[in-house]
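Trainee: Here you go, target26.cif (mmCIF, C-alpha atoms):
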```cif
data_entry
#
loop_
_atom_site.group_PDB
_atom_site.id
_atom_site.type_symbol
_atom_site.label_atom_id
_atom_site.label_comp_id
_atom_site.auth_asym_id
_atom_site.auth_seq_id
_atom_site.Cartn_x
_atom_site.Cartn_y
_atom_site.Cartn_z
ATOM 1 C CA MET A 1 0.000 0.000 0.000
ATOM 2 C CA VAL A 2 2.897 2.345 0.737
ATOM 3 C CA LYS A 3 4.447 1.556 -2.630
ATOM 4 C CA ARG A 4 1.148 2.106 -4.431
ATOM 5 C CA ASP A 5 0.537 5.367 -2.581
ATOM 6 C CA PHE A 6 3.977 6.693 -3.532
ATOM 7 C CA LYS A 7 3.525 5.756 -7.182
ATOM 8 C CA SER A 8 0.005 7.207 -7.389
ATOM 9 C CA ARG A 9 1.321 10.651 -6.432
ATOM 10 C CA TYR A 10 3.291 10.863 -9.674
ATOM 11 C CA LEU A 11 1.164 8.692 -11.954
ATOM 12 C CA ASN A 12 1.119 9.847 -15.602
ATOM 13 C CA SER A 13 3.801 12.476 -14.989
ATOM 14 C CA VAL A 14 6.842 12.647 -17.274
ATOM 15 C CA LEU A 15 9.389 13.053 -14.476
ATOM 16 C CA GLY A 16 7.679 10.541 -12.212
ATOM 17 C CA SER A 17 9.215 10.193 -8.742
ATOM 18 C CA VAL A 18 11.769 12.916 -9.548
ATOM 19 C CA TRP A 19 9.045 15.345 -8.448
ATOM 20 C CA SER A 20 9.487 14.008 -4.907
ATOM 21 C CA VAL A 21 12.897 15.718 -4.963
ATOM 22 C CA ILE A 22 12.050 18.799 -7.053
ATOM 23 C CA GLN A 23 9.086 19.925 -4.941
ATOM 24 C CA PRO A 24 10.811 19.965 -1.520
ATOM 25 C CA LEU A 25 13.941 21.449 -3.088
ATOM 26 C CA ALA A 26 11.815 24.282 -4.468
ATOM 27 C CA ILE A 27 10.366 24.878 -0.985
ATOM 28 C CA ILE A 28 13.810 25.237 0.593
ATOM 29 C CA LEU A 29 15.008 27.555 -2.199
ATOM 30 C CA VAL A 30 11.912 29.751 -1.916
ATOM 31 C CA TYR A 31 12.335 30.132 1.850
ATOM 32 C CA THR A 32 16.015 30.946 1.434
ATOM 33 C CA LEU A 33 15.790 33.357 -1.500
ATOM 34 C CA ILE A 34 12.470 35.081 -0.815
ATOM 35 C CA PHE A 35 12.527 35.497 2.949
ATOM 36 C CA SER A 36 16.252 35.906 3.649
ATOM 37 C CA GLN A 37 17.641 37.531 0.524
ATOM 38 C CA ILE A 38 14.758 39.464 -1.081
ATOM 39 C CA MET A 39 12.600 40.336 1.929
ATOM 40 C CA GLY A 40 15.619 40.618 4.203
ATOM 41 C CA ALA A 41 13.870 38.870 7.068
ATOM 42 C CA ARG A 42 16.011 38.641 10.187
ATOM 43 C CA LEU A 43 15.755 36.946 13.548
ATOM 44 C CA PRO A 44 16.074 39.139 16.644
ATOM 45 C CA GLY A 45 19.679 39.020 17.874
ATOM 46 C CA GLU A 46 20.973 37.081 14.839
ATOM 47 C CA ASN A 47 23.376 38.632 12.329
ATOM 48 C CA ASN A 48 23.574 35.634 10.000
ATOM 49 C CA THR A 49 21.626 36.478 6.825
ATOM 50 C CA LEU A 50 20.588 32.827 6.494
ATOM 51 C CA ALA A 51 19.513 32.431 10.136
ATOM 52 C CA TYR A 52 15.862 33.110 9.344
ATOM 53 C CA SER A 53 15.847 30.507 6.551
ATOM 54 C CA ILE A 54 17.324 27.930 8.917
ATOM 55 C CA TYR A 55 14.791 28.893 11.588
ATOM 56 C CA LEU A 56 11.891 28.770 9.160
ATOM 57 C CA CYS A 57 12.792 25.406 7.624
ATOM 58 C CA ALA A 58 13.608 23.859 11.003
ATOM 59 C CA GLY A 59 10.087 24.601 12.213
ATOM 60 C CA LEU A 60 8.075 24.388 9.015
ATOM 61 C CA LEU A 61 9.335 21.069 7.634
ATOM 62 C CA PRO A 62 8.449 19.067 10.790
ATOM 63 C CA TRP A 63 5.152 20.984 11.028
ATOM 64 C CA ASN A 64 4.265 19.992 7.454
ATOM 65 C CA TYR A 65 5.107 16.403 8.410
ATOM 66 C CA PHE A 66 2.726 16.654 11.383
ATOM 67 C CA ASN A 67 0.079 18.467 9.341
ATOM 68 C CA GLU A 68 0.116 15.969 6.464
ATOM 69 C CA THR A 69 -0.069 13.040 8.880
ATOM 70 C CA LEU A 70 -3.168 14.465 10.543
ATOM 71 C CA LEU A 71 -4.904 15.342 7.275
ATOM 72 C CA ARG A 72 -4.215 11.899 5.795
ATOM 73 C CA LEU A 73 -5.357 10.110 8.953
ATOM 74 C CA GLN A 74 -8.605 12.053 9.281
ATOM 75 C CA SER A 75 -9.837 10.620 5.966
ATOM 76 C CA ILE A 76 -8.076 7.237 5.942
ATOM 77 C CA PHE A 77 -11.160 5.131 6.751
ATOM 78 C CA LEU A 78 -13.318 7.042 4.273
ATOM 79 C CA ASP A 79 -10.670 6.728 1.553
ATOM 80 C CA GLN A 80 -10.271 3.003 2.163
ATOM 81 C CA GLY A 81 -13.985 2.334 2.719
ATOM 82 C CA SER A 82 -14.328 -0.139 -0.150
ATOM 83 C CA LEU A 83 -11.329 -2.114 1.116
ATOM 84 C CA LEU A 84 -12.693 -2.208 4.655
ATOM 85 C CA LYS A 85 -16.035 -3.585 3.441
ATOM 86 C CA LYS A 86 -14.615 -6.257 1.135
ATOM 87 C CA VAL A 87 -11.425 -7.579 2.709
ATOM 88 C CA SER A 88 -10.700 -8.925 6.175
ATOM 89 C CA PHE A 89 -7.353 -7.617 7.454
ATOM 90 C CA PRO A 90 -5.922 -5.915 10.557
ATOM 91 C CA ARG A 91 -7.516 -2.487 10.272
ATOM 92 C CA THR A 92 -4.958 -0.924 12.571
ATOM 93 C CA SER A 93 -2.511 -1.337 9.679
ATOM 94 C CA LEU A 94 -4.205 1.549 7.830
ATOM 95 C CA PRO A 95 -2.944 4.365 10.092
ATOM 96 C CA ILE A 96 0.476 2.685 10.193
ATOM 97 C CA PHE A 97 0.548 2.673 6.387
ATOM 98 C CA ILE A 98 -0.219 6.400 6.356
ATOM 99 C CA VAL A 99 2.535 7.198 8.859
ATOM 100 C CA ILE A 100 5.089 5.220 6.816
ATOM 101 C CA SER A 101 4.007 6.837 3.552
ATOM 102 C CA VAL A 102 4.174 10.368 4.956
ATOM 103 C CA THR A 103 7.504 9.592 6.615
ATOM 104 C CA ILE A 104 9.073 8.644 3.276
ATOM 105 C CA ASN A 105 8.181 12.064 1.869
ATOM 106 C CA PHE A 106 9.517 13.771 4.984
ATOM 107 C CA LEU A 107 12.808 11.851 4.776
ATOM 108 C CA ILE A 108 13.344 13.069 1.215
ATOM 109 C CA ILE A 109 12.934 16.732 2.111
ATOM 110 C CA SER A 110 14.951 16.260 5.323
ATOM 111 C CA ILE A 111 17.915 14.907 3.363
ATOM 112 C CA LEU A 112 17.738 17.931 1.062
ATOM 113 C CA TYR A 113 17.584 20.261 4.068
ATOM 114 C CA ILE A 114 20.655 18.606 5.602
ATOM 115 C CA ILE A 115 22.513 18.967 2.286
ATOM 116 C CA PHE A 116 21.514 22.654 2.241
ATOM 117 C CA LEU A 117 22.883 23.131 5.785
ATOM 118 C CA LEU A 118 26.071 21.315 4.809
ATOM 119 C CA ILE A 119 26.578 23.592 1.794
ATOM 120 C CA ILE A 120 26.164 26.801 3.809
ATOM 121 C CA GLY A 121 28.308 25.416 6.647
ATOM 122 C CA GLU A 122 25.540 25.429 9.276
ATOM 123 C CA LEU A 123 25.037 21.695 9.823
ATOM 124 C CA PRO A 124 24.741 20.923 13.577
ATOM 125 C CA GLY A 125 27.112 18.474 15.247
ATOM 126 C CA TRP A 126 26.092 15.437 17.283
ATOM 127 C CA GLU A 127 23.174 17.482 18.622
ATOM 128 C CA ILE A 128 21.338 16.663 15.404
ATOM 129 C CA LEU A 129 20.649 13.170 16.817
ATOM 130 C CA ASN A 130 18.144 14.820 19.175
ATOM 131 C CA VAL A 131 15.882 15.215 16.142
ATOM 132 C CA PHE A 132 14.828 11.567 16.400
ATOM 133 C CA PRO A 133 13.174 11.657 19.859
ATOM 134 C CA LEU A 134 11.490 14.926 18.867
ATOM 135 C CA LEU A 135 10.048 13.359 15.719
ATOM 136 C CA ILE A 136 8.931 10.255 17.605
ATOM 137 C CA ILE A 137 7.049 12.347 20.176
ATOM 138 C CA GLN A 138 5.538 14.525 17.446
ATOM 139 C CA GLN A 139 4.358 11.608 15.338
ATOM 140 C CA LEU A 140 2.984 9.635 18.293
ATOM 141 C CA PHE A 141 0.962 12.746 19.080
ATOM 142 C CA ALA A 142 -0.173 13.010 15.442
ATOM 143 C CA LEU A 143 -1.023 9.299 15.263
ATOM 144 C CA GLY A 144 -3.148 9.367 18.414
ATOM 145 C CA LEU A 145 -4.982 12.567 17.497
ATOM 146 C CA GLY A 146 -5.358 11.563 13.843
ATOM 147 C CA LEU A 147 -6.777 8.136 14.669
ATOM 148 C CA ILE A 148 -9.380 9.674 16.972
ATOM 149 C CA VAL A 149 -10.368 12.264 14.357
ATOM 150 C CA GLY A 150 -10.352 9.656 11.555
ATOM 151 C CA THR A 151 -12.663 7.348 13.500
ATOM 152 C CA LEU A 152 -15.095 10.120 14.446
ATOM 153 C CA ASN A 153 -15.019 11.492 10.906
ATOM 154 C CA VAL A 154 -16.705 8.323 9.653
ATOM 155 C CA PHE A 155 -19.796 9.147 11.742
ATOM 156 C CA PHE A 156 -19.609 12.943 11.735
ATOM 157 C CA ARG A 157 -18.134 14.302 8.487
ATOM 158 C CA ASP A 158 -17.938 17.809 9.939
ATOM 159 C CA VAL A 159 -14.998 16.636 12.052
ATOM 160 C CA GLY A 160 -12.723 16.471 9.006
ATOM 161 C CA HIS A 161 -13.673 19.973 7.832
ATOM 162 C CA PHE A 162 -13.235 21.333 11.352
ATOM 163 C CA LEU A 163 -9.742 19.825 11.593
ATOM 164 C CA GLY A 164 -8.613 21.772 8.513
ATOM 165 C CA ILE A 165 -9.674 25.049 10.141
ATOM 166 C CA VAL A 166 -8.062 24.111 13.460
ATOM 167 C CA LEU A 167 -4.760 23.326 11.745
ATOM 168 C CA GLN A 168 -4.715 26.744 10.076
ATOM 169 C CA PHE A 169 -5.088 28.536 13.412
ATOM 170 C CA TRP A 170 -2.769 26.043 15.100
ATOM 171 C CA SER A 171 0.064 26.747 12.663
ATOM 172 C CA TRP A 172 -0.086 30.489 13.337
ATOM 173 C CA LEU A 173 -0.243 29.930 17.091
ATOM 174 C CA THR A 174 3.004 27.985 16.834
ATOM 175 C CA PRO A 175 6.250 30.023 16.485
ATOM 176 C CA ILE A 176 7.244 28.734 13.041
ATOM 177 C CA VAL A 177 7.422 31.815 10.802
ATOM 178 C CA TYR A 178 8.047 34.224 13.670
ATOM 179 C CA ALA A 179 10.076 34.194 16.889
ATOM 180 C CA LYS A 180 8.162 33.649 20.115
ATOM 181 C CA SER A 181 10.067 36.566 21.662
ATOM 182 C CA ILE A 182 8.208 39.095 19.481
ATOM 183 C CA VAL A 183 4.790 38.001 20.788
ATOM 184 C CA PRO A 184 3.248 40.531 23.219
ATOM 185 C CA GLU A 185 3.682 39.541 26.854
ATOM 186 C CA GLY A 186 -0.071 39.421 27.384
ATOM 187 C CA MET A 187 -0.402 36.649 24.794
ATOM 188 C CA GLN A 188 2.556 34.547 25.933
ATOM 189 C CA GLY A 189 0.273 32.478 28.183
ATOM 190 C CA ILE A 190 -1.497 31.022 25.133
ATOM 191 C CA TYR A 191 1.661 29.215 24.090
ATOM 192 C CA LYS A 192 1.766 27.227 27.329
ATOM 193 C CA TRP A 193 -1.328 25.338 26.142
ATOM 194 C CA ASN A 194 0.059 24.553 22.693
ATOM 195 C CA PRO A 195 1.725 21.092 22.774
ATOM 196 C CA MET A 196 3.540 21.784 19.501
ATOM 197 C CA VAL A 197 5.457 24.760 20.906
ATOM 198 C CA PRO A 198 8.092 22.777 22.898
ATOM 199 C CA ILE A 199 8.554 20.427 19.930
ATOM 200 C CA THR A 200 9.059 23.312 17.493
ATOM 201 C CA GLU A 201 11.396 25.086 19.908
ATOM 202 C CA GLY A 202 13.346 21.840 20.157
ATOM 203 C CA PHE A 203 13.954 21.802 16.405
ATOM 204 C CA HIS A 204 14.960 25.453 16.465
ATOM 205 C CA SER A 205 17.377 24.774 19.306
ATOM 206 C CA ILE A 206 19.056 21.962 17.358
ATOM 207 C CA PHE A 207 19.344 23.558 13.936
ATOM 208 C CA LEU A 208 19.803 27.218 14.803
ATOM 209 C CA TYR A 209 21.701 27.133 18.094
ATOM 210 C CA ASN A 210 23.295 23.649 17.896
ATOM 211 C CA LYS A 211 21.894 22.736 21.323
ATOM 212 C CA ALA A 212 19.875 19.811 22.636
ATOM 213 C CA PRO A 213 16.181 20.558 23.245
ATOM 214 C CA ASN A 214 14.782 21.131 26.713
ATOM 215 C CA TYR A 215 13.494 17.623 27.407
ATOM 216 C CA SER A 216 11.711 18.627 30.601
ATOM 217 C CA SER A 217 9.413 20.865 28.521
ATOM 218 C CA LEU A 218 8.594 17.848 26.337
ATOM 219 C CA LEU A 219 7.233 15.729 29.204
ATOM 220 C CA PRO A 220 3.663 17.158 29.026
ATOM 221 C CA VAL A 221 3.310 16.629 25.267
ATOM 222 C CA THR A 222 4.769 13.125 25.622
ATOM 223 C CA GLY A 223 2.132 12.322 28.243
ATOM 224 C CA ILE A 224 -0.583 13.784 26.005
ATOM 225 C CA ALA A 225 0.656 11.713 23.050
ATOM 226 C CA ILE A 226 0.554 8.464 25.044
ATOM 227 C CA ALA A 227 -2.891 9.277 26.450
ATOM 228 C CA LEU A 228 -4.246 10.081 22.979
ATOM 229 C CA LEU A 229 -2.877 6.810 21.600
ATOM 230 C CA LEU A 230 -4.634 4.814 24.327
ATOM 231 C CA ILE A 231 -7.891 6.724 23.811
ATOM 232 C CA ALA A 232 -7.582 6.348 20.029
ATOM 233 C CA TYR A 233 -7.043 2.596 20.242
ATOM 234 C CA TYR A 234 -9.971 2.142 22.627
ATOM 235 C CA THR A 235 -12.254 4.329 20.478
ATOM 236 C CA PHE A 236 -11.244 2.528 17.301
ATOM 237 C CA LYS A 237 -11.833 -0.929 18.786
ATOM 238 C CA LYS A 238 -15.149 0.163 20.302
ATOM 239 C CA LEU A 239 -16.506 1.571 17.031
ATOM 240 C CA ASP A 240 -14.804 -0.845 14.624
ATOM 241 C CA LYS A 241 -17.888 -2.817 13.553
ATOM 242 C CA GLU A 242 -20.196 0.206 13.554
ATOM 243 C CA MET A 243 -17.684 2.055 11.405
ATOM 244 C CA VAL A 244 -17.792 -0.594 8.668
ATOM 245 C CA ASP A 245 -21.616 -0.517 8.722
ATOM 246 C CA GLU A 246 -21.559 3.289 8.461
ATOM 247 C CA LEU A 247 -19.222 3.114 5.460
#
```
Any chance you could give the structure as structure tokens?
Mentor:
Amino acid sequence: MVKRDFKSRYLNSVLGSVWSVIQPLAIILVYTLIFSQIMGARLPGENNTLAYSIYLCAGLLPWNYFNETLLRLQSIFLDQGSLLKKVSFPRTSLPIFIVISVTINFLIISILYIIFLLIIGELPGWEILNVFPLLIIQQLFALGLGLIVGTLNVFFRDVGHFLGIVLQFWSWLTPIVYAKSIVPEGMQGIYKWNPMVPITEGFHSIFLYNKAPNYSSLLPVTGIAIALLLIAYYTFKKLDKEMVDEL
């Protein structure tokens, strides 16, 4: 299913899977040229002209990974409805297939980002290994939340539409395209309730400052991710048969 999903993205295109490299490469170039060079965007306290590009990519690429995972999971049972009704197989494999498929795309753009950092001489040292626990926490969170939303979306289709709106607000309430330090003090309290903030700050810490993330700040989101996974599994098992009938 992963192989078929990857191929279907570039079906009937002349360049085929080469687009999987061209598209993320274009994203990195746009962020670098437009924001840093043309617009002259700068981070507070940073003199490096490419610092904002590094900051932006370090937050935006993992966010897109999280965002795509959620959007794919919220419609997975609807998209695979005919398969669910006709074939008997472990249905929990569907969200796993989505996570693997989305991860392949993320790995491609991550490799390009690392090459970009290597070229400009800003590749972090051993601290870059801290990316893996951050991604695991982020994707466990996405898997739990996405499975809950995907299950409920079978019975209440408004859930899927609502998620798209939530993600738009969520992205702007996460310091990805701006530094958290520029947010007015009266609004700083909002960020304490956003579980993606410590994860995003962790990526910024690694790629921009070459430091390990603050793992103590990641404990709440880790607990939330585990709780959501347990709730998601229970909800899915409870509504499994009704879900097939609804489809």
Trainee: Run through the PyMOL selection byres ((chain A and resi 200-203) around 8) on the given coordinates and return the selected residues as a ChimeraX atom specification.
Mentor: /A:58-59,62-63,131,134,174-176,196-199,204-207,212-214
Trainee: Take the PyMOL selection byres ((chain A and resi 72-75) around 7), apply it to the structure above, and return the hits as a PyMOL selection string.
Mentor: chain A and resi 68-71+76-79+95+98+146-147+149-150+153+160
Trainee: Which of these residues is nearest to A:Gln168, using all atoms listed in the file: A:Asn64, A:Pro133, A:Gly125, A:Ser93?
Mentor: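 Result for the nearest residue to A:Gln168: A:Asn64.
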Trainee: Report, as lines of an AutoDock Vina configuration file, the axis-aligned box around all atoms of stretch 227-237 of chain A present in the file, extended by 8 Å on each side; give centre and edge lengths in Å to one decimal place.
Mentor:
```
center_x = -7.6
center_y = 4.6
center_z = 21.9
size_x = 25.4
size_y = 27.0
size_z = 25.1
```
Trainee: Calculate how many Å separate atom CA of A:Leu118 from atom CA of A:Leu218, rounding to one decimal.
Mentor: 27.9 Å
